[in-house]
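**Student:** Take a look at the following structure, please.
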Amino acid sequence: MLEILRGDHHVHSTFSDDAVSTPEENVAAAHAAGLREVRLVDHVRRSTTWVPDYVRAMRALAVPDGLKVRTGVEAKILDRDGTLDIPPLPDGVERILIADHQFPAAEGPLGPTEVRRRIDAGWSIADVLDDYVGALIAVMQRHPGNQLAHCFSLLPKLGIEESAVGEERLTAWADAARATGTIVEVNEKWACPAPAALAAARRAGVELVAATDSHTAGDVGRYARVRDLLDALGDPL
């Protein structure tokens with residue numbers, strides 16, 4: 001097994017309203033899958049109040065020998081300036097997973113339907129991508145040392161192929177990740193980023209981690225699409 005596949009750095013629990021497995025079930029699944037590391041992550045918004053309870057639950061977990069349990073929260077980018085939809089975080093939250101759940105426009109987050117409407121009305125794909133990649137760079141600069149969750153997964157929802165990002169934007173994105181100590185996850189659920197982005201990240205010296213984005217314990221540490229993405233890079237990580 002590739003060493004990168006011995007970790008799962010994006011696993012949701014019942015602290016997220018769309019997940020079904022408890023932290024304890026996820027830890028047991030990670031151990032059964034032979035993982036060495038698992039990051040338990042749940043969705044937050046500015047209005048979220050349960051993060052201290054989450055930290056206490058993580059500290060109370062019984063962790064099997066040979067497994068490292070890490071913590072995190074997932075928050076969406078709100079705008080082009082890199083603002084995050086995130087509450088104050090107590091000690092014990094090790095990492096923010098930065099997510100492109102909606103389009104980070106100058107005026108705030110836009111849903112895919114609205115972005116497609118604006119594209120149909122004349123908003124150029126080049127300008128859309130400039131704003132999108134610019135927001136990714138801005139959020140990395142404002143919140144360094146964190147992790148990009150399922151990066152570029154928004155683009156197909158907008159009707160834009162990830163290949164349209166292009167080498168120049170990918171290089172700027174990867175260079176910003178390196179400069180800010182940002183980690184890029186290779187996401188099983190959304191099969192992203194694509195090999196061109198992963199290759200740009202590797203050339204820049206960016207750390208890559210594997211992530212299932214699982215919402216049920218049965219998916220923890222189970223990789224197929226991630227393996228294909230990594231295979232496309234050539235030499236193993």
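Ligands are numbered from 1 in the order shown, chains are lettered A, B, ... in the order of the structure tokens, and residues start at 1 in each chain.
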Applying 7 Å and only C-alpha atoms, which residues near Ala138 in chain A remain after dropping the ones on its own chain fewer than 3 positions away? List them as a list of chain:residue names.
**Tutor:**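 Neighbouring residues, sequence-local ones excluded: A:Asp81, A:Gly82, A:Gly134, A:Ala135, A:Gln141, A:Arg142.
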**Student:** The selected residues should be written to file as a JSON list (two decimals), in the first residue's frame (atoms: all heavy atoms).
**Tutor:**
```json
[["chain", "number", "residue", "atom", "x", "y", "z"],
["A", 81, "ASP", "N", -12.36, 37.54, -0.98],
["A", 81, "ASP", "CA", -11.30, 37.97, -0.08],
["A", 81, "ASP", "C", -10.80, 36.85, 0.81],
["A", 81, "ASP", "O", -9.89, 37.06, 1.62],
["A", 81, "ASP", "CB", -11.78, 39.13, 0.80],
["A", 81, "ASP", "CG", -12.04, 40.39, -0.01],
["A", 81, "ASP", "OD1", -11.38, 40.57, -1.05],
["A", 81, "ASP", "OD2", -12.92, 41.18, 0.39],
["A", 82, "GLY", "N", -11.41, 35.66, 0.71],
["A", 82, "GLY", "CA", -10.95, 34.52, 1.50],
["A", 82, "GLY", "C", -11.52, 34.46, 2.90],
["A", 82, "GLY", "O", -10.92, 33.84, 3.79],
["A", 134, "GLY", "N", -8.39, 33.07, -7.35],
["A", 134, "GLY", "CA", -7.98, 34.17, -6.50],
["A", 134, "GLY", "C", -8.51, 34.03, -5.08],
["A", 134, "GLY", "O", -7.81, 34.34, -4.11],
["A", 135, "ALA", "N", -9.75, 33.54, -4.94],
["A", 135, "ALA", "CA", -10.32, 33.33, -3.61],
["A", 135, "ALA", "C", -9.60, 32.20, -2.88],
["A", 135, "ALA", "O", -9.37, 32.28, -1.66],
["A", 135, "ALA", "CB", -11.81, 33.03, -3.73],
["A", 141, "GLN", "N", -3.83, 32.46, 2.26],
["A", 141, "GLN", "CA", -3.01, 33.50, 2.86],
["A", 141, "GLN", "C", -3.58, 33.98, 4.19],
["A", 141, "GLN", "O", -2.83, 34.27, 5.13],
["A", 141, "GLN", "CB", -2.86, 34.66, 1.88],
["A", 141, "GLN", "CG", -2.04, 34.30, 0.65],
["A", 141, "GLN", "CD", -2.08, 35.36, -0.43],
["A", 141, "GLN", "OE1", -3.02, 36.18, -0.48],
["A", 141, "GLN", "NE2", -1.09, 35.35, -1.31],
["A", 142, "ARG", "N", -4.90, 34.02, 4.29],
["A", 142, "ARG", "CA", -5.54, 34.48, 5.53],
["A", 142, "ARG", "C", -5.55, 33.41, 6.61],
["A", 142, "ARG", "O", -5.58, 33.72, 7.80],
["A", 142, "ARG", "CB", -6.97, 34.93, 5.24],
["A", 142, "ARG", "CG", -7.07, 36.20, 4.44],
["A", 142, "ARG", "CD", -8.49, 36.67, 4.26],
["A", 142, "ARG", "NE", -9.12, 37.06, 5.52],
["A", 142, "ARG", "CZ", -10.29, 37.67, 5.60],
["A", 142, "ARG", "NH1", -10.98, 37.96, 4.49],
["A", 142, "ARG", "NH2", -10.80, 38.01, 6.77]]
```
**Student:** Considering only C-alpha atoms, state which residue in the set A:Val38, A:Ala106, A:Ala199, A:Ala57 is at the smallest distance from Arg70 in chain A.
**Tutor:**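 Answer, going by the shortest atom-to-atom distance: A:Val38.
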**Student:** In Å, how far is it from CA of Pro88 in chain A to CA of Pro52 in chain A?
**Tutor:**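 About the pair CA of Pro88 in chain A and CA of Pro52 in chain A: they are 10.1 Å apart.
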**Student:** Give me the residues within 8 Å of Phe103 in chain A as a ChimeraX atom specification, counting only C-alpha atoms and dropping any in the same chain fewer than 5 places off.
**Tutor:** /A:77-79,109-112,115,132,154
**Student:** Give me the residues within 9 Å of range 204-221 of chain A as a PDB file with N, CA and C atoms, in the first residue's frame, counting only C-alpha atoms and dropping any in the same chain fewer than 5 places off.
**Tutor:**
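Result file result-v8.pdb:
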```
ATOM      1  N   ILE A   4       0.758   7.113   1.571  1.00  0.00           N
ATOM      2  CA  ILE A   4      -0.275   8.142   1.656  1.00  0.00           C
ATOM      3  C   ILE A   4      -1.654   7.535   1.940  1.00  0.00           C
ATOM      4  N   LEU A   5      -1.871   6.284   1.518  1.00  0.00           N
ATOM      5  CA  LEU A   5      -3.169   5.642   1.709  1.00  0.00           C
ATOM      6  C   LEU A   5      -3.333   5.063   3.104  1.00  0.00           C
ATOM      7  N   ARG A   6      -2.325   5.181   3.932  1.00  0.00           N
ATOM      8  CA  ARG A   6      -2.439   4.728   5.327  1.00  0.00           C
ATOM      9  C   ARG A   6      -3.029   5.805   6.227  1.00  0.00           C
ATOM     10  N   GLY A   7      -3.450   6.904   5.623  1.00  0.00           N
ATOM     11  CA  GLY A   7      -4.137   7.953   6.364  1.00  0.00           C
ATOM     12  C   GLY A   7      -5.448   8.302   5.705  1.00  0.00           C
ATOM     13  N   ASP A   8      -6.396   8.766   6.495  1.00  0.00           N
ATOM     14  CA  ASP A   8      -7.655   9.312   5.974  1.00  0.00           C
ATOM     15  C   ASP A   8      -7.861  10.632   6.701  1.00  0.00           C
ATOM     16  N   HIS A   9      -7.703  11.721   5.971  1.00  0.00           N
ATOM     17  CA  HIS A   9      -7.628  13.039   6.584  1.00  0.00           C
ATOM     18  C   HIS A   9      -8.896  13.858   6.439  1.00  0.00           C
ATOM     19  N   HIS A  10     -10.030  13.179   6.226  1.00  0.00           N
ATOM     20  CA  HIS A  10     -11.307  13.895   6.109  1.00  0.00           C
ATOM     21  C   HIS A  10     -12.427  12.890   6.360  1.00  0.00           C
ATOM     22  N   VAL A  11     -12.833  12.768   7.629  1.00  0.00           N
ATOM     23  CA  VAL A  11     -13.829  11.783   8.049  1.00  0.00           C
ATOM     24  C   VAL A  11     -14.874  12.486   8.912  1.00  0.00           C
ATOM     25  N   HIS A  12     -16.138  12.424   8.496  1.00  0.00           N
ATOM     26  CA  HIS A  12     -17.224  13.103   9.216  1.00  0.00           C
ATOM     27  C   HIS A  12     -17.907  12.168  10.214  1.00  0.00           C
ATOM     28  N   SER A  13     -18.457  12.772  11.255  1.00  0.00           N
ATOM     29  CA  SER A  13     -19.187  12.020  12.270  1.00  0.00           C
ATOM     30  C   SER A  13     -20.549  12.660  12.496  1.00  0.00           C
ATOM     31  N   THR A  14     -21.246  12.174  13.500  1.00  0.00           N
ATOM     32  CA  THR A  14     -22.589  12.666  13.815  1.00  0.00           C
ATOM     33  C   THR A  14     -22.584  14.102  14.330  1.00  0.00           C
ATOM     34  N   SER A  16     -21.661  16.308  12.359  1.00  0.00           N
ATOM     35  CA  SER A  16     -22.155  16.890  11.109  1.00  0.00           C
ATOM     36  C   SER A  16     -23.574  16.403  10.876  1.00  0.00           C
ATOM     37  N   ASP A  18     -25.108  15.701   8.265  1.00  0.00           N
ATOM     38  CA  ASP A  18     -25.325  14.821   7.118  1.00  0.00           C
ATOM     39  C   ASP A  18     -24.511  13.532   7.226  1.00  0.00           C
ATOM     40  N   ALA A  19     -23.980  13.224   8.416  1.00  0.00           N
ATOM     41  CA  ALA A  19     -23.196  12.001   8.614  1.00  0.00           C
ATOM     42  C   ALA A  19     -23.911  11.093   9.612  1.00  0.00           C
ATOM     43  N   VAL A  20     -23.582   9.787   9.555  1.00  0.00           N
ATOM     44  CA  VAL A  20     -24.363   8.814  10.328  1.00  0.00           C
ATOM     45  C   VAL A  20     -23.545   8.050  11.360  1.00  0.00           C
ATOM     46  N   SER A  21     -22.222   8.154  11.337  1.00  0.00           N
ATOM     47  CA  SER A  21     -21.383   7.362  12.232  1.00  0.00           C
ATOM     48  C   SER A  21     -20.813   8.218  13.352  1.00  0.00           C
ATOM     49  N   THR A  22     -20.693   7.615  14.527  1.00  0.00           N
ATOM     50  CA  THR A  22     -20.131   8.327  15.668  1.00  0.00           C
ATOM     51  C   THR A  22     -18.607   8.402  15.540  1.00  0.00           C
ATOM     52  N   PRO A  23     -17.965   9.311  16.288  1.00  0.00           N
ATOM     53  CA  PRO A  23     -16.498   9.312  16.299  1.00  0.00           C
ATOM     54  C   PRO A  23     -15.925   7.956  16.687  1.00  0.00           C
ATOM     55  N   GLU A  25     -17.198   4.985  16.179  1.00  0.00           N
ATOM     56  CA  GLU A  25     -17.329   4.059  15.048  1.00  0.00           C
ATOM     57  C   GLU A  25     -16.298   4.361  13.974  1.00  0.00           C
ATOM     58  N   ASN A  26     -16.023   5.632  13.754  1.00  0.00           N
ATOM     59  CA  ASN A  26     -15.010   6.001  12.753  1.00  0.00           C
ATOM     60  C   ASN A  26     -13.614   5.566  13.179  1.00  0.00           C
ATOM     61  N   VAL A  27     -13.304   5.713  14.453  1.00  0.00           N
ATOM     62  CA  VAL A  27     -11.990   5.272  14.949  1.00  0.00           C
ATOM     63  C   VAL A  27     -11.853   3.764  14.798  1.00  0.00           C
ATOM     64  N   ALA A  28     -12.901   3.028  15.148  1.00  0.00           N
ATOM     65  CA  ALA A  28     -12.856   1.570  14.998  1.00  0.00           C
ATOM     66  C   ALA A  28     -12.679   1.173  13.541  1.00  0.00           C
ATOM     67  N   ALA A  29     -13.362   1.882  12.634  1.00  0.00           N
ATOM     68  CA  ALA A  29     -13.246   1.578  11.207  1.00  0.00           C
ATOM     69  C   ALA A  29     -11.850   1.889  10.692  1.00  0.00           C
ATOM     70  N   ALA A  30     -11.271   2.990  11.145  1.00  0.00           N
ATOM     71  CA  ALA A  30      -9.909   3.342  10.726  1.00  0.00           C
ATOM     72  C   ALA A  30      -8.919   2.284  11.178  1.00  0.00           C
ATOM     73  N   ALA A  33      -9.257  -0.829   9.097  1.00  0.00           N
ATOM     74  CA  ALA A  33      -8.737  -0.641   7.742  1.00  0.00           C
ATOM     75  C   ALA A  33      -7.213  -0.599   7.711  1.00  0.00           C
ATOM     76  N   GLY A  34      -6.580  -0.678   8.854  1.00  0.00           N
ATOM     77  CA  GLY A  34      -5.123  -0.657   8.914  1.00  0.00           C
ATOM     78  C   GLY A  34      -4.512   0.720   8.773  1.00  0.00           C
ATOM     79  N   LEU A  35      -5.307   1.763   9.040  1.00  0.00           N
ATOM     80  CA  LEU A  35      -4.772   3.115   8.928  1.00  0.00           C
ATOM     81  C   LEU A  35      -3.839   3.433  10.096  1.00  0.00           C
ATOM     82  N   VAL A  38      -5.993   9.129  11.233  1.00  0.00           N
ATOM     83  CA  VAL A  38      -7.323   9.517  10.778  1.00  0.00           C
ATOM     84  C   VAL A  38      -7.625  10.896  11.342  1.00  0.00           C
ATOM     85  N   ARG A  39      -8.194  11.744  10.488  1.00  0.00           N
ATOM     86  CA  ARG A  39      -8.585  13.081  10.942  1.00  0.00           C
ATOM     87  C   ARG A  39     -10.099  13.160  10.963  1.00  0.00           C
ATOM     88  N   VAL A  41     -13.371  15.178  11.230  1.00  0.00           N
ATOM     89  CA  VAL A  41     -13.670  16.536  10.774  1.00  0.00           C
ATOM     90  C   VAL A  41     -15.185  16.703  10.687  1.00  0.00           C
ATOM     91  N   ALA A 149      -9.984  21.207   1.202  1.00  0.00           N
ATOM     92  CA  ALA A 149     -10.870  20.049   1.116  1.00  0.00           C
ATOM     93  C   ALA A 149     -11.482  19.986  -0.279  1.00  0.00           C
ATOM     94  N   HIS A 150     -11.467  18.812  -0.874  1.00  0.00           N
ATOM     95  CA  HIS A 150     -12.055  18.558  -2.203  1.00  0.00           C
ATOM     96  C   HIS A 150     -11.925  19.761  -3.142  1.00  0.00           C
ATOM     97  N   THR A 171      -0.300  26.910 -11.316  1.00  0.00           N
ATOM     98  CA  THR A 171       1.012  27.231 -10.754  1.00  0.00           C
ATOM     99  C   THR A 171       0.880  28.256  -9.636  1.00  0.00           C
ATOM    100  N   ALA A 174      -0.681  26.465  -6.609  1.00  0.00           N
ATOM    101  CA  ALA A 174       0.273  25.577  -5.948  1.00  0.00           C
ATOM    102  C   ALA A 174       1.351  26.361  -5.221  1.00  0.00           C
ATOM    103  N   ASP A 175       1.831  27.432  -5.825  1.00  0.00           N
ATOM    104  CA  ASP A 175       2.846  28.244  -5.171  1.00  0.00           C
ATOM    105  C   ASP A 175       2.302  28.867  -3.883  1.00  0.00           C
ATOM    106  N   ALA A 177      -0.071  27.557  -2.016  1.00  0.00           N
ATOM    107  CA  ALA A 177      -0.171  26.472  -1.034  1.00  0.00           C
ATOM    108  C   ALA A 177       1.181  26.208  -0.378  1.00  0.00           C
ATOM    109  N   ARG A 178       2.220  26.167  -1.184  1.00  0.00           N
ATOM    110  CA  ARG A 178       3.563  25.951  -0.624  1.00  0.00           C
ATOM    111  C   ARG A 178       3.941  27.085   0.313  1.00  0.00           C
ATOM    112  N   ALA A 179       3.717  28.321  -0.110  1.00  0.00           N
ATOM    113  CA  ALA A 179       4.141  29.478   0.678  1.00  0.00           C
ATOM    114  C   ALA A 179       3.400  29.578   2.001  1.00  0.00           C
ATOM    115  N   GLY A 181       2.063  26.880   3.654  1.00  0.00           N
ATOM    116  CA  GLY A 181       2.047  25.615   4.373  1.00  0.00           C
ATOM    117  C   GLY A 181       0.704  24.915   4.309  1.00  0.00           C
ATOM    118  N   THR A 182      -0.023  25.125   3.227  1.00  0.00           N
ATOM    119  CA  THR A 182      -1.341  24.513   3.063  1.00  0.00           C
ATOM    120  C   THR A 182      -1.197  23.106   2.498  1.00  0.00           C
ATOM    121  N   ILE A 183      -1.954  22.181   3.064  1.00  0.00           N
ATOM    122  CA  ILE A 183      -1.986  20.795   2.609  1.00  0.00           C
ATOM    123  C   ILE A 183      -3.129  20.639   1.619  1.00  0.00           C
ATOM    124  N   VAL A 184      -2.934  19.831   0.600  1.00  0.00           N
ATOM    125  CA  VAL A 184      -3.970  19.551  -0.392  1.00  0.00           C
ATOM    126  C   VAL A 184      -4.406  18.097  -0.245  1.00  0.00           C
ATOM    127  N   GLU A 185      -5.692  17.889  -0.043  1.00  0.00           N
ATOM    128  CA  GLU A 185      -6.186  16.519   0.054  1.00  0.00           C
ATOM    129  C   GLU A 185      -6.564  15.995  -1.323  1.00  0.00           C
ATOM    130  N   VAL A 186      -6.336  14.699  -1.515  1.00  0.00           N
ATOM    131  CA  VAL A 186      -6.793  13.987  -2.706  1.00  0.00           C
ATOM    132  C   VAL A 186      -8.078  13.282  -2.275  1.00  0.00           C
ATOM    133  N   ASN A 187      -9.207  13.719  -2.832  1.00  0.00           N
ATOM    134  CA  ASN A 187     -10.513  13.392  -2.277  1.00  0.00           C
ATOM    135  C   ASN A 187     -11.198  12.254  -3.022  1.00  0.00           C
ATOM    136  N   GLU A 188     -11.543  11.205  -2.289  1.00  0.00           N
ATOM    137  CA  GLU A 188     -12.194  10.031  -2.862  1.00  0.00           C
ATOM    138  C   GLU A 188     -13.609  10.332  -3.330  1.00  0.00           C
ATOM    139  N   LYS A 189     -14.388  11.023  -2.532  1.00  0.00           N
ATOM    140  CA  LYS A 189     -15.804  11.251  -2.839  1.00  0.00           C
ATOM    141  C   LYS A 189     -15.980  12.031  -4.129  1.00  0.00           C
ATOM    142  N   TRP A 190     -15.169  13.062  -4.321  1.00  0.00           N
ATOM    143  CA  TRP A 190     -15.321  13.943  -5.471  1.00  0.00           C
ATOM    144  C   TRP A 190     -14.262  13.713  -6.544  1.00  0.00           C
ATOM    145  N   LEU A 198      -2.675  18.074  -9.110  1.00  0.00           N
ATOM    146  CA  LEU A 198      -1.810  17.334  -8.190  1.00  0.00           C
ATOM    147  C   LEU A 198      -0.355  17.406  -8.624  1.00  0.00           C
ATOM    148  N   ALA A 199      -0.127  17.349  -9.927  1.00  0.00           N
ATOM    149  CA  ALA A 199       1.239  17.452 -10.433  1.00  0.00           C
ATOM    150  C   ALA A 199       1.824  18.838 -10.143  1.00  0.00           C
ATOM    151  N   VAL A 226      -9.026   7.707  -5.475  1.00  0.00           N
ATOM    152  CA  VAL A 226      -7.748   8.306  -5.049  1.00  0.00           C
ATOM    153  C   VAL A 226      -6.572   7.522  -5.614  1.00  0.00           C
ATOM    154  N   LEU A 237       3.941   8.015  -4.113  1.00  0.00           N
ATOM    155  CA  LEU A 237       4.217   8.982  -3.054  1.00  0.00           C
ATOM    156  C   LEU A 237       4.742   8.266  -1.829  1.00  0.00           C
TER     157      LEU A 237
END
```
**Student:** So which residues of range 94-199 of chain A fall under strand (DSSP E or B) by DSSP, listed as a ChimeraX atom specification?
**Tutor:** /A:96-99,103-105,108-110,147-149,183-187,192
**Student:** With N, CA, C and O atoms retained, write the just-selected residues as a short mmCIF file (atom, residue, chain, number, x, y, z; two decimals), in the first residue's frame.
**Tutor:**
```
data_model
loop_
_atom_site.label_atom_id
_atom_site.label_comp_id
_atom_site.auth_asym_id
_atom_site.auth_seq_id
_atom_site.Cartn_x
_atom_site.Cartn_y
_atom_site.Cartn_z
N ILE A 96 -8.15 23.48 10.01
CA ILE A 96 -9.36 23.86 9.28
C ILE A 96 -9.29 23.24 7.89
O ILE A 96 -8.27 23.35 7.21
N LEU A 97 -10.36 22.59 7.48
CA LEU A 97 -10.49 22.12 6.10
C LEU A 97 -11.29 23.15 5.33
O LEU A 97 -12.47 23.42 5.65
N ILE A 98 -10.65 23.75 4.36
CA ILE A 98 -11.20 24.88 3.61
C ILE A 98 -11.94 24.34 2.39
O ILE A 98 -11.35 23.66 1.55
N ALA A 99 -13.24 24.64 2.31
CA ALA A 99 -14.10 23.98 1.32
C ALA A 99 -14.75 24.97 0.36
O ALA A 99 -15.20 26.04 0.76
N PHE A 103 -19.72 29.30 -4.69
CA PHE A 103 -18.76 30.16 -5.39
C PHE A 103 -18.46 31.39 -4.54
O PHE A 103 -19.38 32.12 -4.14
N PRO A 104 -17.17 31.64 -4.25
CA PRO A 104 -16.80 32.77 -3.39
C PRO A 104 -16.71 34.07 -4.17
O PRO A 104 -15.64 34.50 -4.61
N ALA A 105 -17.84 34.72 -4.36
CA ALA A 105 -17.91 35.95 -5.14
C ALA A 105 -17.58 37.16 -4.28
O ALA A 105 -17.52 37.08 -3.05
N GLY A 108 -20.24 37.73 -1.75
CA GLY A 108 -20.58 36.62 -0.88
C GLY A 108 -20.80 35.34 -1.67
O GLY A 108 -20.66 35.32 -2.90
N PRO A 109 -21.15 34.25 -0.99
CA PRO A 109 -21.25 32.95 -1.67
C PRO A 109 -22.44 32.90 -2.62
O PRO A 109 -23.55 33.34 -2.30
N LEU A 110 -22.19 32.33 -3.81
CA LEU A 110 -23.22 32.14 -4.82
C LEU A 110 -23.40 30.66 -5.08
O LEU A 110 -22.43 29.91 -5.17
N GLN A 147 -5.83 23.00 5.36
CA GLN A 147 -5.99 21.95 4.34
C GLN A 147 -7.10 22.33 3.37
O GLN A 147 -8.18 22.76 3.80
N LEU A 148 -6.85 22.19 2.08
CA LEU A 148 -7.88 22.39 1.08
C LEU A 148 -8.68 21.11 0.93
O LEU A 148 -8.14 20.06 0.58
N ALA A 149 -9.98 21.21 1.20
CA ALA A 149 -10.87 20.05 1.12
C ALA A 149 -11.48 19.99 -0.28
O ALA A 149 -11.96 21.00 -0.80
N ILE A 183 -1.95 22.18 3.06
CA ILE A 183 -1.99 20.80 2.61
C ILE A 183 -3.13 20.64 1.62
O ILE A 183 -4.20 21.24 1.77
N VAL A 184 -2.93 19.83 0.60
CA VAL A 184 -3.97 19.55 -0.39
C VAL A 184 -4.41 18.10 -0.24
O VAL A 184 -3.57 17.19 -0.30
N GLU A 185 -5.69 17.89 -0.04
CA GLU A 185 -6.19 16.52 0.05
C GLU A 185 -6.56 16.00 -1.32
O GLU A 185 -7.05 16.74 -2.19
N VAL A 186 -6.34 14.70 -1.52
CA VAL A 186 -6.79 13.99 -2.71
C VAL A 186 -8.08 13.28 -2.28
O VAL A 186 -8.06 12.38 -1.44
N ASN A 187 -9.21 13.72 -2.83
CA ASN A 187 -10.51 13.39 -2.28
C ASN A 187 -11.20 12.25 -3.02
O ASN A 187 -11.40 12.32 -4.24
N CYS A 192 -11.06 14.50 -6.81
CA CYS A 192 -10.37 15.74 -7.13
C CYS A 192 -9.30 16.01 -6.06
O CYS A 192 -9.35 15.39 -4.99
#
```
**Student:** From the list A:Leu229, A:Val55, A:Leu40, A:Ala224, which residue is nearest Val69 in chain A when using only C-alpha atoms?
**Tutor:** A:Leu40
**Student:** Of the candidates A:Val93, A:Leu230, A:Ala196, A:Ala75, which shows the shortest atom-to-atom distance to Tyr54 in chain A, using only C-alpha atoms?
**Tutor:**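 Counting only C-alpha atoms, the residue closest to Tyr54 in chain A is A:Val93.
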**Student:** How many Å separate CA of Thr49 in chain A from CA of Asp85 in chain A?
**Tutor:**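 Calculated distance between CA of Thr49 in chain A and CA of Asp85 in chain A is 13.0 Å.
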**Student:** From the DSSP assignment of the backbone, select every residue of range 172-201 of chain A that is helix (DSSP H, G or I), and format the answer as JSON, numbers by chain.
**Tutor:** {"A": [172, 173, 174, 175, 176, 177, 178, 179, 180, 195, 196, 197, 198, 199, 200, 201]}
**Student:** When you draw a straight line from CA of Leu136 in chain A to CA of Glu167 in chain A, how long is it in Å?
**Tutor:**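 These atoms are spaced 15.5 Å apart.
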**Student:** Nearest to Asp131 in chain A: which of A:Pro156, A:His31, A:Arg118, A:Arg80 is it, counting only C-alpha atoms?
**Tutor:**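 Checking each candidate against Asp131 in chain A, we get A:Arg80 as the closest.
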